[in-house]
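What follows is a single structure, written as structure tokens, with notes after it.
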Amino acid sequence: MKKNIAIIMGGYSSEYKISLISGGVVYDYLDKEKFNAYRIHIFKDKWVYVDKDQKEYNINRHDFTISLANEIIKFDCVFNAIHGSPGEDGLMQAYFELIGIPQTACDYYQASLTFNKRDLLSVLKPYGIKSAPSYYINLGDPIDEDGIIAKVGLPCFVKANRAGSSFGISKVYKKEELLKAIDNAFQEDNEILIESFLNGTEVSVGVIKYKGETKVLPITEIVTENDFFDYEAKYEGKSQEITPARITKEQEEKVSHIARKAYEVLKMKGFSRSEFIFVNDEPFMLEMNTTPGLTTESILPQQAKIAGISLSELFESAIWEALGEIK
């Protein structure tokens, strides 16, 4: 019997367009001999199944089923391709756990924790995982510009705490630029994170569960044409993503160990992609993504390809892992 797989995509955040592309790639590459794949668009105003003719059918949110030609379609597993809320912050994970449908991403607590950059880095710090000096502000807090600069220095990065794809991030060189950058970050989230600028080599490390084992994928080096790895650099070709990264064997072993340690300490499942910057051979963690981009050009698929894992194998393995069946 072929398994019914719901591929959820879209979401409520600024990342929805990228998520639709990722979900479309999963749909295209999933082996149709083994799976009945359904594209499910999740938006604030509608949850719908979209068929090959772009016709939409409403999802029954009580049990996540669809009614087609007097037949009720139930899903064996959900493939989570939503970047940002509600697919990366734990909301969909908790919903599927409540109604008893396996899904390919990590569990709801891990999703919520990793989506909150401040909380993630705080939890990992006691395990020896280093991060940049930082300063936190919530919407409505008084803004002490001199205090911020005394803590993190200049230049610094101002980031939305719970956003991806570099939305709400600015690099600040002068005190006069700080308030504008803070306002920009508050457009994406009501919590922000201000971090010291770390001058070094930026790398991205994919860690996945693959055929029952935790696997660290080949490391990618990020070389951006822009001032930092912003949205334009990520998605509009303004960067080089070099896999495997041009780093020393010692650096490779160190950052691979730390990325695996973070994955295992947090009891992660599914795909993850963690970002680091090397300063004097020491990797500093920036963040962890738990539903990373899955387009053919995205970093994690690039890494899997170098590791000899095709997109079909990558996606299929995630489903079998979620179902508890190691193939």
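For the structure tokens, the naming scheme is as follows: chains receive sequential letters (A, B, ...) according to their order of presentation, residues are indexed from 1 within each chain, and ligands are indexed from 1 in presentation order.
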
Report as a ChimeraX atom specification all protein, DNA and RNA residues lying within 12 Å of Ala37 of chain A, evaluated on only C-alpha atoms, omitting residues in the same chain fewer than 2 positions from it. /A:2-8,23-35,39-40,49-52,73-79,315-316,319

Could you pull out the strand (DSSP E) residues of segment 43-204 of chain A from DSSP and send them as a PyMOL selection string? chain A and resi 43+46-50+56-58+66-68+71-73+77-80+134-138+156-160+170-172+191-196+201-204

For the selection you just gave me, I'd like the residues written to a file as a tab-separated table (two decimals), in the first residue's frame, keeping N, CA and C atoms.
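Output saved as again-v3.tsv:
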```tsv
chain	number	residue	atom	x	y	z
A	43	PHE	N	-2.15	28.74	5.07
A	43	PHE	CA	-2.13	30.19	5.22
A	43	PHE	C	-3.07	30.59	6.34
A	46	LYS	N	-6.63	30.25	5.07
A	46	LYS	CA	-7.10	28.98	4.50
A	46	LYS	C	-6.04	27.89	4.64
A	47	TRP	N	-6.53	26.66	4.84
A	47	TRP	CA	-5.71	25.46	4.74
A	47	TRP	C	-6.35	24.65	3.62
A	48	VAL	N	-5.62	24.44	2.52
A	48	VAL	CA	-6.24	23.79	1.36
A	48	VAL	C	-5.30	22.79	0.70
A	49	TYR	N	-5.89	21.74	0.13
A	49	TYR	CA	-5.17	20.84	-0.77
A	49	TYR	C	-5.28	21.45	-2.17
A	50	VAL	N	-4.14	21.52	-2.88
A	50	VAL	CA	-4.11	22.08	-4.23
A	50	VAL	C	-3.78	20.96	-5.20
A	56	GLU	N	-8.61	24.02	-5.44
A	56	GLU	CA	-8.39	23.95	-4.00
A	56	GLU	C	-9.52	23.21	-3.29
A	57	TYR	N	-9.13	22.40	-2.29
A	57	TYR	CA	-10.09	21.67	-1.46
A	57	TYR	C	-9.75	21.96	0.00
A	58	ASN	N	-10.73	22.34	0.77
A	58	ASN	CA	-10.50	22.69	2.17
A	58	ASN	C	-10.05	21.49	2.99
A	66	ILE	N	-9.04	15.42	3.91
A	66	ILE	CA	-9.69	16.12	2.81
A	66	ILE	C	-10.75	15.21	2.20
A	67	SER	N	-11.78	15.82	1.67
A	67	SER	CA	-12.87	15.08	1.03
A	67	SER	C	-12.77	15.27	-0.47
A	68	LEU	N	-12.52	14.15	-1.19
A	68	LEU	CA	-12.38	14.19	-2.65
A	68	LEU	C	-13.34	13.17	-3.25
A	71	GLU	N	-14.78	10.66	-1.14
A	71	GLU	CA	-13.80	9.84	-0.42
A	71	GLU	C	-13.06	10.73	0.58
A	72	ILE	N	-12.90	10.23	1.79
A	72	ILE	CA	-12.13	10.96	2.80
A	72	ILE	C	-10.68	10.49	2.74
A	73	ILE	N	-9.77	11.42	2.47
A	73	ILE	CA	-8.34	11.09	2.39
A	73	ILE	C	-7.71	11.36	3.75
A	77	CYS	N	1.47	10.47	6.95
A	77	CYS	CA	2.60	11.27	7.41
A	77	CYS	C	2.52	12.65	6.78
A	78	VAL	N	3.04	13.64	7.48
A	78	VAL	CA	3.13	15.01	6.97
A	78	VAL	C	4.59	15.36	6.74
A	79	PHE	N	4.89	15.84	5.53
A	79	PHE	CA	6.24	16.36	5.25
A	79	PHE	C	6.18	17.87	5.46
A	80	ASN	N	6.91	18.33	6.45
A	80	ASN	CA	6.86	19.75	6.83
A	80	ASN	C	7.87	20.56	6.02
A	134	SER	N	25.97	39.44	23.18
A	134	SER	CA	24.67	39.88	22.67
A	134	SER	C	23.92	40.75	23.67
A	135	TYR	N	22.91	41.43	23.14
A	135	TYR	CA	22.06	42.35	23.92
A	135	TYR	C	20.63	42.11	23.46
A	136	TYR	N	19.68	42.01	24.41
A	136	TYR	CA	18.29	41.70	24.07
A	136	TYR	C	17.39	42.90	24.31
A	137	ILE	N	16.42	43.09	23.40
A	137	ILE	CA	15.39	44.13	23.59
A	137	ILE	C	14.04	43.55	23.20
A	138	ASN	N	13.03	43.81	24.02
A	138	ASN	CA	11.65	43.50	23.68
A	138	ASN	C	10.92	44.78	23.32
A	156	CYS	N	27.80	45.99	14.55
A	156	CYS	CA	27.03	44.93	15.20
A	156	CYS	C	25.86	44.54	14.30
A	157	PHE	N	25.24	43.41	14.62
A	157	PHE	CA	24.06	42.96	13.88
A	157	PHE	C	22.82	43.12	14.75
A	158	VAL	N	21.78	43.69	14.16
A	158	VAL	CA	20.48	43.79	14.81
A	158	VAL	C	19.55	42.81	14.09
A	159	LYS	N	18.96	41.87	14.85
A	159	LYS	CA	18.19	40.79	14.24
A	159	LYS	C	16.82	40.65	14.91
A	160	ALA	N	15.82	40.32	14.10
A	160	ALA	CA	14.56	39.81	14.67
A	160	ALA	C	14.88	38.48	15.32
A	170	SER	N	19.94	43.77	10.13
A	170	SER	CA	20.73	44.89	9.63
A	170	SER	C	22.12	44.83	10.25
A	171	LYS	N	23.10	45.31	9.49
A	171	LYS	CA	24.45	45.49	10.02
A	171	LYS	C	24.63	46.97	10.31
A	172	VAL	N	25.00	47.28	11.54
A	172	VAL	CA	25.07	48.67	11.99
A	172	VAL	C	26.53	49.06	12.22
A	191	GLU	N	10.57	40.77	19.60
A	191	GLU	CA	11.81	40.53	20.34
A	191	GLU	C	12.97	40.67	19.38
A	192	ILE	N	14.02	41.34	19.82
A	192	ILE	CA	15.18	41.43	18.94
A	192	ILE	C	16.46	41.06	19.69
A	193	LEU	N	17.44	40.73	18.88
A	193	LEU	CA	18.74	40.27	19.36
A	193	LEU	C	19.79	41.13	18.68
A	194	ILE	N	20.67	41.73	19.46
A	194	ILE	CA	21.75	42.54	18.91
A	194	ILE	C	23.06	41.84	19.26
A	195	GLU	N	23.85	41.51	18.23
A	195	GLU	CA	25.07	40.71	18.43
A	195	GLU	C	26.30	41.43	17.93
A	196	SER	N	27.43	41.15	18.59
A	196	SER	CA	28.72	41.64	18.10
A	196	SER	C	29.00	41.10	16.71
A	201	THR	N	35.27	33.28	8.86
A	201	THR	CA	34.67	32.46	7.82
A	201	THR	C	33.32	31.93	8.30
A	202	GLU	N	32.27	32.16	7.49
A	202	GLU	CA	30.94	31.67	7.84
A	202	GLU	C	30.70	30.33	7.17
A	203	VAL	N	30.19	29.38	7.95
A	203	VAL	CA	29.89	28.05	7.41
A	203	VAL	C	28.50	27.61	7.86
A	204	SER	N	27.94	26.71	7.08
A	204	SER	CA	26.62	26.14	7.37
A	204	SER	C	26.78	24.63	7.45
```

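Minimum distance to Leu266 of chain A across A:Phe96, A:Tyr12, A:Tyr127, A:Phe64 (counting only C-alpha atoms) occurs at A:Tyr127.
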
Of the listed residues A:Gln251, A:Gln240, A:Ser22, A:Gln93, that which approaches Leu294 of chain A most closely, counting only C-alpha atoms: A:Ser22

In segment 26-240 of chain A, what's alpha helix (DSSP H) per DSSP? Answer as an MDAnalysis selection string? chainID A and resid 26:29 91:99 108:115 117:124 145:152 178:186 231:235

Would you write out, as a Markdown table, a table of all residues in segment 158-248 of chain A that have an atom no more than 8 Å from an atom of segment 111-119 of chain A, listing for each the closest atom pair and the distance in Å to one decimal, considering only C-alpha atoms and ordering rows by chain and rising residue number?
```
| residue | atom | partner | partner_atom | distance |
| --- | --- | --- | --- | --- |
| A:Asn161 | CA | A:Lys117 | CA | 5.6 |
| A:Arg162 | CA | A:Asn116 | CA | 5.2 |
| A:Ala163 | CA | A:Phe115 | CA | 7.5 |
| A:Leu193 | CA | A:Arg118 | CA | 6.9 |
```

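Minimum atom-to-atom distances from A:Leu311, A:Glu282, A:Lys125, A:Ala105 to Thr296 of chain A were compared using only C-alpha atoms, and the lowest value belongs to A:Leu311.
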